[in-house]
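Dumped structure10.txt below, it's compact mmCIF, C-alpha atoms and all ligand atoms:
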```txt
# COMPACT_ATOMS: atom_id res chain seq x y z
CA MET A 1 16.32 -23.28 7.61
CA THR A 2 14.99 -21.34 10.60
CA TYR A 3 14.75 -17.67 9.73
CA GLN A 4 16.65 -15.21 11.86
CA ALA A 5 15.93 -11.55 11.16
CA ALA A 6 18.92 -9.37 10.24
CA ALA A 7 20.44 -7.94 13.41
CA ASP A 8 21.00 -4.52 11.79
CA ARG A 9 17.44 -4.15 10.43
CA TYR A 10 16.68 -1.00 12.43
CA SER A 11 19.81 0.85 11.35
CA LYS A 12 18.71 1.16 7.72
CA LEU A 13 15.70 3.50 7.79
CA SER A 14 14.29 6.34 9.79
CA TYR A 15 10.61 5.97 10.61
CA ASN A 16 7.87 8.58 10.14
CA ARG A 17 5.24 9.44 12.72
CA CYS A 18 1.78 8.55 11.44
CA GLY A 19 -0.10 11.84 11.76
CA ARG A 20 -0.43 12.87 15.39
CA SER A 21 -0.61 9.24 16.60
CA GLY A 22 1.99 7.41 18.65
CA LEU A 23 2.69 4.99 15.79
CA GLN A 24 5.70 5.27 13.49
CA LEU A 25 5.74 3.69 10.05
CA PRO A 26 8.57 3.00 7.61
CA PRO A 27 8.77 5.40 4.64
CA ILE A 28 8.36 2.35 2.38
CA SER A 29 5.71 -0.29 3.12
CA LEU A 30 5.05 -3.53 1.23
CA GLY A 31 1.63 -4.41 -0.19
CA LEU A 32 0.52 -7.98 -0.94
CA TRP A 33 -2.13 -7.26 -3.58
CA HIS A 34 -0.10 -9.08 -6.26
CA ASN A 35 2.50 -11.88 -6.14
CA PHE A 36 1.28 -13.44 -2.88
CA GLY A 37 -1.71 -15.43 -4.15
CA GLU A 38 -2.01 -19.19 -4.42
CA VAL A 39 -1.03 -18.94 -8.10
CA ASP A 40 2.35 -17.40 -7.22
CA ALA A 41 5.59 -19.16 -6.25
CA ILE A 42 5.61 -19.42 -2.45
CA GLU A 43 9.40 -19.26 -2.06
CA ASN A 44 9.42 -15.97 -3.94
CA SER A 45 6.73 -14.59 -1.60
CA ARG A 46 8.80 -15.73 1.38
CA ALA A 47 11.98 -14.17 -0.01
CA MET A 48 10.24 -10.81 -0.45
CA LEU A 49 8.84 -10.76 3.10
CA ARG A 50 12.25 -11.70 4.55
CA CYS A 51 14.04 -9.10 2.42
CA ALA A 52 11.60 -6.36 3.40
CA PHE A 53 11.78 -7.08 7.13
CA ASP A 54 15.56 -7.54 7.10
CA ASN A 55 15.84 -4.08 5.59
CA GLY A 56 13.67 -2.25 8.10
CA ILE A 57 10.23 -2.48 6.48
CA THR A 58 7.81 -3.16 9.33
CA HIS A 59 4.48 -2.50 7.62
CA PHE A 60 2.72 -5.07 5.41
CA ASP A 61 -0.62 -4.31 3.78
CA LEU A 62 -3.33 -6.83 2.88
CA ALA A 63 -7.06 -6.90 2.15
CA ASN A 64 -9.71 -9.61 2.38
CA ASN A 65 -9.85 -10.00 -1.41
CA TYR A 66 -6.14 -10.06 -2.37
CA GLY A 67 -5.03 -13.15 -4.29
CA PRO A 68 -5.84 -14.61 -6.73
CA PRO A 69 -8.07 -16.30 -5.79
CA PRO A 70 -9.54 -13.77 -3.31
CA GLY A 71 -8.47 -14.54 0.25
CA SER A 72 -5.40 -16.49 -0.78
CA ALA A 73 -2.91 -13.67 -0.12
CA GLU A 74 -4.06 -13.61 3.51
CA ARG A 75 -3.80 -17.41 3.69
CA ARG A 76 -0.31 -17.39 2.15
CA PHE A 77 0.78 -14.52 4.36
CA GLY A 78 -0.56 -16.35 7.43
CA ALA A 79 1.35 -19.54 6.53
CA LEU A 80 4.63 -17.70 5.93
CA PHE A 81 4.15 -15.53 9.01
CA ALA A 82 3.64 -18.60 11.20
CA GLN A 83 6.74 -20.32 9.76
CA ASP A 84 9.16 -17.38 9.81
CA PHE A 85 7.98 -14.32 11.65
CA LEU A 86 5.90 -15.30 14.69
CA PRO A 87 8.68 -14.39 17.18
CA TYR A 88 8.64 -10.89 15.65
CA ARG A 89 4.85 -10.26 15.86
CA ASP A 90 5.31 -7.17 18.01
CA GLU A 91 7.60 -5.67 15.37
CA TRP A 92 5.09 -5.99 12.51
CA ILE A 93 2.29 -3.64 11.51
CA ILE A 94 -0.18 -5.79 9.59
CA SER A 95 -3.21 -4.21 7.96
CA THR A 96 -6.26 -5.62 6.26
CA LYS A 97 -9.41 -4.13 4.75
CA ALA A 98 -13.06 -4.86 4.07
CA GLY A 99 -15.41 -3.22 1.60
CA TYR A 100 -14.78 -4.64 -1.88
CA HIS A 101 -16.58 -7.76 -3.10
CA MET A 102 -15.49 -10.85 -1.20
CA TRP A 103 -18.41 -13.29 -1.04
CA ASN A 104 -21.80 -13.67 -2.66
CA GLY A 105 -25.03 -12.17 -1.38
CA PRO A 106 -25.90 -8.82 0.20
CA TYR A 107 -23.30 -9.02 3.00
CA GLY A 108 -20.24 -9.83 0.90
CA GLU A 109 -19.11 -6.24 0.22
CA TRP A 110 -19.54 -2.51 1.04
CA GLY A 111 -19.80 -0.90 4.47
CA SER A 112 -22.53 -2.55 6.55
CA ARG A 113 -21.67 -3.58 10.08
CA LYS A 114 -22.48 -7.14 9.00
CA HIS A 115 -19.95 -7.13 6.16
CA MET A 116 -17.19 -5.27 7.97
CA LEU A 117 -17.10 -7.39 11.13
CA SER A 118 -17.72 -10.75 9.42
CA SER A 119 -14.96 -9.95 6.96
CA LEU A 120 -12.52 -9.05 9.74
CA ASP A 121 -13.23 -12.37 11.46
CA GLN A 122 -12.59 -14.20 8.18
CA SER A 123 -9.32 -12.28 7.62
CA LEU A 124 -8.03 -13.08 11.11
CA LYS A 125 -8.83 -16.75 10.56
CA ARG A 126 -7.07 -16.86 7.18
CA MET A 127 -3.97 -15.15 8.57
CA GLY A 128 -4.01 -17.10 11.84
CA LEU A 129 -3.79 -13.86 13.84
CA ASP A 130 -5.59 -12.73 17.00
CA TYR A 131 -5.62 -9.11 15.85
CA VAL A 132 -4.53 -6.86 13.00
CA ASP A 133 -2.71 -3.63 13.63
CA ILE A 134 -4.82 -1.58 11.23
CA PHE A 135 -8.34 -2.39 9.98
CA TYR A 136 -9.59 -0.32 7.06
CA SER A 137 -12.85 0.57 5.45
CA HIS A 138 -11.59 -0.16 1.90
CA ARG A 139 -14.06 2.21 0.23
CA PRO A 140 -16.92 4.47 1.25
CA ASP A 141 -20.40 2.98 0.80
CA PRO A 142 -22.92 5.47 -0.63
CA ASP A 143 -25.89 3.41 0.69
CA THR A 144 -24.77 2.82 4.28
CA PRO A 145 -24.74 5.61 6.88
CA LEU A 146 -21.16 6.58 7.68
CA GLU A 147 -22.10 6.15 11.37
CA GLU A 148 -22.68 2.42 10.76
CA THR A 149 -19.39 1.80 8.96
CA MET A 150 -17.42 3.87 11.49
CA GLY A 151 -19.29 2.12 14.30
CA ALA A 152 -18.07 -1.21 12.94
CA LEU A 153 -14.46 0.07 12.89
CA ASN A 154 -14.91 1.25 16.48
CA THR A 155 -16.23 -2.20 17.47
CA ALA A 156 -13.21 -3.86 15.82
CA VAL A 157 -10.92 -1.90 18.14
CA ARG A 158 -13.11 -2.30 21.26
CA SER A 159 -13.24 -6.06 20.74
CA GLY A 160 -9.43 -6.27 20.53
CA LYS A 161 -9.43 -7.45 16.91
CA ALA A 162 -7.69 -4.29 15.62
CA LEU A 163 -5.33 -1.82 17.27
CA TYR A 164 -6.06 1.09 14.91
CA VAL A 165 -8.46 1.93 12.11
CA GLY A 166 -8.05 3.53 8.70
CA LEU A 167 -10.00 4.80 5.72
CA SER A 168 -9.21 4.09 2.10
CA ASN A 169 -10.39 5.84 -1.05
CA TYR A 170 -12.52 8.41 0.82
CA ARG A 171 -13.00 11.82 -0.87
CA PRO A 172 -12.34 14.98 1.22
CA THR A 173 -15.92 15.69 2.38
CA GLU A 174 -16.78 12.13 3.43
CA TYR A 175 -13.26 11.74 4.85
CA ARG A 176 -13.75 14.74 7.17
CA GLU A 177 -17.15 13.45 8.30
CA ALA A 178 -15.81 9.91 8.92
CA VAL A 179 -12.86 11.29 10.93
CA ARG A 180 -15.27 13.37 13.05
CA ILE A 181 -17.50 10.35 13.77
CA LEU A 182 -14.52 8.19 14.72
CA GLN A 183 -13.22 10.95 16.98
CA ASP A 184 -16.61 11.15 18.73
CA LEU A 185 -16.58 7.38 19.20
CA GLY A 186 -13.16 7.58 20.87
CA THR A 187 -11.40 5.61 18.16
CA PRO A 188 -9.40 8.19 16.20
CA CYS A 189 -8.64 7.52 12.55
CA LEU A 190 -4.96 6.54 12.27
CA ILE A 191 -4.39 6.73 8.54
CA HIS A 192 -5.86 7.31 5.10
CA GLN A 193 -4.83 5.11 2.17
CA ALA A 194 -5.20 6.56 -1.33
CA ARG A 195 -3.73 6.22 -4.77
CA TYR A 196 -1.00 8.79 -5.52
CA SER A 197 1.70 8.89 -8.18
CA LEU A 198 3.28 11.15 -10.78
CA PHE A 199 0.40 10.15 -13.09
CA ASP A 200 -2.44 10.32 -10.56
CA ARG A 201 -2.41 13.42 -8.36
CA TRP A 202 -6.06 13.56 -7.27
CA ILE A 203 -5.23 13.72 -3.55
CA GLU A 204 -3.52 17.08 -4.08
CA ASP A 205 -6.99 18.52 -4.71
CA GLY A 206 -8.17 18.84 -1.11
CA LEU A 207 -7.53 15.44 0.44
CA LEU A 208 -3.91 16.01 1.52
CA ASP A 209 -4.95 19.32 3.12
CA ALA A 210 -7.80 17.56 4.96
CA ILE A 211 -5.42 14.83 6.14
CA GLU A 212 -2.92 17.38 7.42
CA GLU A 213 -5.58 19.47 9.17
CA THR A 214 -7.07 16.43 10.91
CA GLY A 215 -3.67 15.12 12.09
CA VAL A 216 -4.10 11.75 10.39
CA GLY A 217 -1.32 9.79 8.65
CA SER A 218 -1.27 9.08 4.94
CA ILE A 219 -0.07 6.03 3.02
CA VAL A 220 -0.14 6.16 -0.77
CA PHE A 221 -0.67 3.13 -2.99
CA SER A 222 0.48 2.31 -6.52
CA PRO A 223 3.16 5.01 -6.45
CA LEU A 224 4.85 3.18 -9.36
CA GLU A 225 1.59 3.01 -11.33
CA GLN A 226 1.80 -0.77 -11.05
CA GLY A 227 5.24 -0.80 -12.70
CA MET A 228 4.75 1.82 -15.42
CA LEU A 229 6.91 4.30 -13.47
CA THR A 230 9.97 2.04 -13.70
CA ASN A 231 12.43 1.22 -16.44
CA LYS A 232 10.84 -2.15 -17.21
CA TYR A 233 8.60 -1.03 -20.11
CA LEU A 234 11.07 1.32 -21.84
CA LYS A 235 11.82 -1.08 -24.70
CA THR A 236 9.16 -3.77 -24.65
CA ILE A 237 6.51 -5.44 -22.48
CA PRO A 238 8.41 -8.24 -20.70
CA THR A 239 6.55 -11.54 -20.43
CA ASP A 240 7.09 -11.67 -16.66
CA SER A 241 5.63 -8.19 -16.07
CA ARG A 242 2.26 -7.27 -14.59
CA ALA A 243 1.06 -5.78 -17.90
CA ALA A 244 1.62 -9.14 -19.64
CA ASN A 245 0.06 -11.23 -16.85
CA SER A 246 -3.55 -12.31 -17.32
CA ASN A 247 -3.93 -12.71 -13.52
CA SER A 248 -3.47 -8.96 -13.21
CA PRO A 249 -6.28 -7.35 -15.17
CA PHE A 250 -5.66 -3.89 -13.68
CA LEU A 251 -2.74 -2.91 -15.91
CA GLN A 252 -3.32 -3.14 -19.65
CA GLU A 253 -0.66 -3.21 -22.35
CA ALA A 254 -2.55 -0.41 -24.12
CA SER A 255 -2.18 1.84 -21.10
CA VAL A 256 1.56 1.17 -20.94
CA ARG A 257 1.97 2.06 -24.63
CA GLU A 258 -0.08 5.23 -24.24
CA HIS A 259 2.13 6.43 -21.38
CA LEU A 260 5.47 5.56 -23.02
CA PRO A 261 6.44 9.12 -24.11
CA LYS A 262 5.99 10.35 -20.53
CA ILE A 263 7.80 7.32 -19.07
CA ARG A 264 10.80 7.81 -21.39
CA ALA A 265 11.05 11.54 -20.60
CA LEU A 266 10.79 10.87 -16.85
CA ASN A 267 13.44 8.18 -17.12
CA LEU A 268 15.92 10.72 -18.54
CA ILE A 269 15.25 13.09 -15.63
CA ALA A 270 15.76 10.23 -13.16
CA LEU A 271 19.07 9.30 -14.78
CA GLU A 272 20.26 12.92 -14.50
CA ARG A 273 19.44 12.75 -10.77
CA GLY A 274 21.42 9.50 -10.49
CA GLN A 275 18.27 7.51 -9.69
CA SER A 276 16.32 4.73 -11.37
CA LEU A 277 12.87 5.85 -12.53
CA ALA A 278 11.29 3.71 -9.80
CA GLN A 279 13.42 5.42 -7.16
CA MET A 280 12.54 8.86 -8.47
CA ALA A 281 8.81 8.03 -8.51
CA ILE A 282 8.98 7.07 -4.83
CA SER A 283 11.15 10.07 -3.88
CA TRP A 284 8.51 12.23 -5.59
CA VAL A 285 5.55 10.98 -3.50
CA LEU A 286 7.63 11.13 -0.31
CA ARG A 287 8.59 14.78 -0.96
CA ARG A 288 5.24 15.74 0.61
CA LYS A 289 5.64 15.70 4.37
CA THR A 290 1.97 14.71 4.75
CA VAL A 291 2.81 11.37 3.11
CA THR A 292 3.85 9.00 5.91
CA SER A 293 4.66 5.98 3.75
CA ALA A 294 4.80 4.88 0.10
CA LEU A 295 2.99 1.56 -0.30
CA ILE A 296 4.74 -0.40 -3.03
CA GLY A 297 4.20 -3.79 -4.61
CA ALA A 298 7.00 -6.04 -5.82
CA SER A 299 7.43 -9.26 -7.79
CA ARG A 300 11.00 -9.96 -6.61
CA ARG A 301 13.27 -8.98 -3.76
CA GLU A 302 15.65 -6.98 -5.97
CA GLN A 303 12.83 -4.50 -6.66
CA ILE A 304 12.41 -3.87 -2.93
CA LEU A 305 16.14 -3.24 -2.54
CA ASP A 306 16.14 -0.90 -5.56
CA ILE A 307 13.30 1.15 -4.07
CA LEU A 308 14.88 1.35 -0.62
CA ALA A 309 17.94 3.03 -2.14
CA CYS A 310 15.77 6.07 -2.98
CA LEU A 311 15.80 7.06 0.68
CA ASP A 312 19.36 8.39 0.29
CA ALA A 313 18.45 10.69 -2.62
CA ALA A 314 18.83 14.46 -2.65
CA ALA A 315 15.73 16.66 -2.41
CA PHE A 316 14.23 17.84 -5.72
CA SER A 317 15.25 21.24 -7.06
CA ASP A 318 12.51 23.53 -8.41
CA ALA A 319 13.90 23.01 -11.92
CA GLU A 320 13.66 19.23 -11.55
CA LEU A 321 10.07 19.45 -10.31
CA GLU A 322 9.17 21.66 -13.28
CA ALA A 323 10.84 19.27 -15.73
CA ILE A 324 8.94 16.35 -14.14
CA ASP A 325 5.62 18.19 -14.48
CA ALA A 326 6.37 18.98 -18.12
CA ALA A 327 7.23 15.31 -18.83
CA CYS A 328 3.93 14.22 -17.31
CA GLU A 329 2.10 16.54 -19.73
CA LEU A 330 3.59 14.97 -22.88
N1 LIG B 401 -6.58 0.69 -0.96
C1 LIG B 401 -6.73 0.33 -2.20
O1 LIG B 401 -7.79 0.46 -2.82
C2 LIG B 401 -5.53 -0.25 -2.93
C3 LIG B 401 -5.56 -0.44 -4.33
C4 LIG B 401 -4.42 -0.95 -4.95
C5 LIG B 401 -3.29 -1.27 -4.21
N2 LIG B 401 -3.31 -1.09 -2.85
C6 LIG B 401 -2.14 -1.46 -2.02
O2 LIG B 401 -0.98 -0.88 -2.59
C7 LIG B 401 0.01 -1.90 -2.79
C8 LIG B 401 0.91 -1.52 -3.94
O3 LIG B 401 0.14 -1.41 -5.13
P1 LIG B 401 0.84 -1.74 -6.52
O4 LIG B 401 1.33 -3.15 -6.50
O5 LIG B 401 -0.08 -1.30 -7.59
O6 LIG B 401 2.12 -0.75 -6.41
P2 LIG B 401 3.24 -0.22 -7.37
O7 LIG B 401 4.40 -0.07 -6.46
O8 LIG B 401 2.74 0.96 -8.12
O9 LIG B 401 3.53 -1.37 -8.44
C9 LIG B 401 4.20 -2.55 -8.10
C10 LIG B 401 4.82 -3.19 -9.33
O10 LIG B 401 5.84 -2.33 -9.85
C11 LIG B 401 6.92 -3.11 -10.33
N3 LIG B 401 8.13 -2.73 -9.59
C12 LIG B 401 8.25 -2.51 -8.25
N4 LIG B 401 9.50 -2.13 -7.95
C13 LIG B 401 10.19 -2.10 -9.10
C14 LIG B 401 11.52 -1.79 -9.42
N5 LIG B 401 12.37 -1.40 -8.48
N6 LIG B 401 11.91 -1.87 -10.72
C15 LIG B 401 11.05 -2.27 -11.68
N7 LIG B 401 9.75 -2.57 -11.42
C16 LIG B 401 9.33 -2.49 -10.15
C17 LIG B 401 6.55 -4.57 -10.14
O11 LIG B 401 5.90 -4.96 -11.34
P3 LIG B 401 6.05 -6.45 -11.96
O12 LIG B 401 5.10 -7.27 -11.14
O13 LIG B 401 5.61 -6.26 -13.38
O14 LIG B 401 7.48 -6.86 -11.81
C18 LIG B 401 5.55 -4.48 -9.01
O15 LIG B 401 4.67 -5.58 -8.98
C19 LIG B 401 -0.81 -3.16 -2.99
O16 LIG B 401 -0.06 -4.35 -2.77
C20 LIG B 401 -1.88 -2.97 -1.96
O17 LIG B 401 -1.38 -3.30 -0.68
C21 LIG B 401 -4.40 -0.58 -2.21
```
Rewritten as structure tokens:
Amino acid sequence: MTYQAAADRYSKLSYNRCGRSGLQLPPISLGLWHNFGEVDAIENSRAMLRCAFDNGITHFDLANNYGPPPGSAERRFGALFAQDFLPYRDEWIISTKAGYHMWNGPYGEWGSRKHMLSSLDQSLKRMGLDYVDIFYSHRPDPDTPLEETMGALNTAVRSGKALYVGLSNYRPTEYREAVRILQDLGTPCLIHQARYSLFDRWIEDGLLDAIEETGVGSIVFSPLEQGMLTNKYLKTIPTDSRAANSNSPFLQEASVREHLPKIRALNLIALERGQSLAQMAISWVLRRKTVTSALIGASRREQILDILACLDAAAFSDAELEAIDAACEL
């Protein structure tokens, strides 16, 4: 049946300005790293995209290598986008990235101009788009001058293939230098994408300050620690979870077991706040005003709806924040 977006989709969220730019992003964005590859059920992928957009999520994050196999998340996204969402193109913020391994040989990864611009062309072709809204350098390349990688991002914008550019996984010093180069080129950095969660707070050590000082937006990935910061592993490792899925080698059962005491203690704090653990984990990353958006993954639409409910939660008290820190030390 022809998809018609929910008429009330913009009454459900308030949007956050992305740094000092003109762009606003939803507080929750949806990433397509998992559950959108060729190996995954297409109707489930479609249901999640529809659910997200119907509930005010306007930002969808991809990368050249998402799948499996690599590239297939962009192909699947492109097919679903063409079938359901084309009339809404101007309401979607679609991002992709280049920098991790995508094809064989010396040009298939990292930050050379050759890799970055060839990869962007491939991504546009797979998604069937004329442009992406945000094009990222997925990781800094220690062997390529920053000027070359930033020059490629600048070219992506000048050639009309990207509206904005972003940096991902850059440490504070290289981040500041990259932002300066982009500024000099006349293509300001829109956003930085980094990992941030209750269990991984590295960006608090200098990067968030640098982001705030430079007036750039910030989107944080894996805020649920790939599902560990939810109630799904409290009793067992479900067979349909990421930790039990051999297509998802980035979350190991051993890691889940090791973190269980912390997860159980955090779950009790969440319940006292009247939230699910997943909701509390997202409220916690969004408590920092420098964080523009929490970039979640999902394997079913109900998870997206559960997370969205966190936006109504009360602010954390000092006592709650202290209890959370203590639970993370267990
Ligand atoms: N820039 C980078 O280097 C980089 C790296 C990694 C990710 N990312 C981006 O960040 C996005 C999100 O990463 P992520 O998937 O690791 O994020 P995440 O939000 O930490 O984990 C998502 C997983 O958590 C579980 N989940 C989500 N909502 C839930 C709920 N309400 N209740 C119970 N479980 C729930 C699901 O696990 P199950 O599948 O087990 O149900 C889901 O697949 C990616 O899609 C990608 O766009 C970027």
### Task
Kindly provide, as a ChimeraX atom specification, all nucleotide and amino acid residues lying within 6 Å of ligand LIG 401 (chain B), counting only C-alpha atoms and all ligand atoms.
/A:31-34,61-62,138,168,193,221-227,230,232,241-242,278,295-299,303,306-307
### For Leu308 (chain A): contacts at 8 Å, only C-alpha atoms, fewer than 3 positions along chain excluded, given as a list of chain:residue names
A:Ile28, A:Gln279, A:Ile304, A:Leu305, A:Leu311
### Task
Might you pull out every residue within 9 Å of Arg46 (chain A), with only C-alpha atoms counted and same-chain residues fewer than 5 positions away left off, and present them as a ChimeraX atom specification?
/A:36,41,51,77,80-81,84
### Summary
What separates CA of Arg301 (chain A) and CA of Met48 (chain A) is a distance of 4.8 Å
### Task
Just the residues within 7 Å of Ser293 (chain A), please, counting all atoms listed in the file, with nothing from its chain fewer than 4 positions along; format it as number ranges by chain.
A: 25-29, 218-220
### Selection: 12 Å around Gln122 (chain A), all atoms listed in the file, excl. self and same-chain fewer than 2 positions, as a ChimeraX atom specification
/A:63-65,70-72,74-75,96-98,102-103,108,115-120,124-132,161
### Message
To one decimal place in Å, what is the distance between CA of Ser95 (chain A) and CA of Leu163 (chain A)?
### Response
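Those two atoms sit 9.8 Å apart.
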### Message
Between A:Pro188, A:Gly67, A:Pro172, A:Pro238, which residue has the minimum interatomic distance to Leu153 (chain A), considering all atoms listed in the file?
### Response
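The closest residue to Leu153 (chain A) is A:Pro188.
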### Long-range neighbours of Glu147 (chain A) as a list in words, 9 Å cut-off, all atoms listed in the file, 3 positions minimum in chain
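Contacts, in chain order: Thr144, Met150, Gly151, Ala152, Ala178, Ile181 and Leu182 of chain A.
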Export, as an mmCIF file, in the frame of the given file, the selected residues with C-alpha atoms.
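Below is the file selection-v4.cif, written as the result:
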```cif
data_model
loop_
_atom_site.group_PDB
_atom_site.id
_atom_site.type_symbol
_atom_site.label_atom_id
_atom_site.label_comp_id
_atom_site.auth_asym_id
_atom_site.auth_seq_id
_atom_site.Cartn_x
_atom_site.Cartn_y
_atom_site.Cartn_z
ATOM 1 C CA THR A 144 -24.770 2.820 4.280
ATOM 2 C CA MET A 150 -17.420 3.870 11.490
ATOM 3 C CA GLY A 151 -19.290 2.120 14.300
ATOM 4 C CA ALA A 152 -18.070 -1.210 12.940
ATOM 5 C CA ALA A 178 -15.810 9.910 8.920
ATOM 6 C CA ILE A 181 -17.500 10.350 13.770
ATOM 7 C CA LEU A 182 -14.520 8.190 14.720
#
```
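Computed from the coordinates, the CA of Ala294 (chain A) to CA of Thr149 (chain A) distance equals 25.9 Å.
The point (-11.3, 12.7, 2.7) has these residues within 8 Å of it when all atoms listed in the file are used: Asn169, Tyr170, Arg171, Pro172, Thr173, Glu174, Tyr175, Arg176, Gly206, Leu207, Ala210 and Ile211 of chain A.
Checking A:Ala319, A:Ala270, A:Val157, A:Ala162 one by one against Gly186 (chain A), counting only C-alpha atoms, you find the shortest gap at A:Val157.
Nearest residue to Pro68 (chain A), choosing from A:Gly217, A:Gly37, A:Gly166, A:Gly111 and counting only C-alpha atoms: A:Gly37.
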### Message
Please determine, counting all atoms listed in the file, which residue among A:Gly22, A:Tyr3, A:Arg9, A:Arg201 has the shortest atom-to-atom distance to Ala47 (chain A).
### Response
A:Tyr3
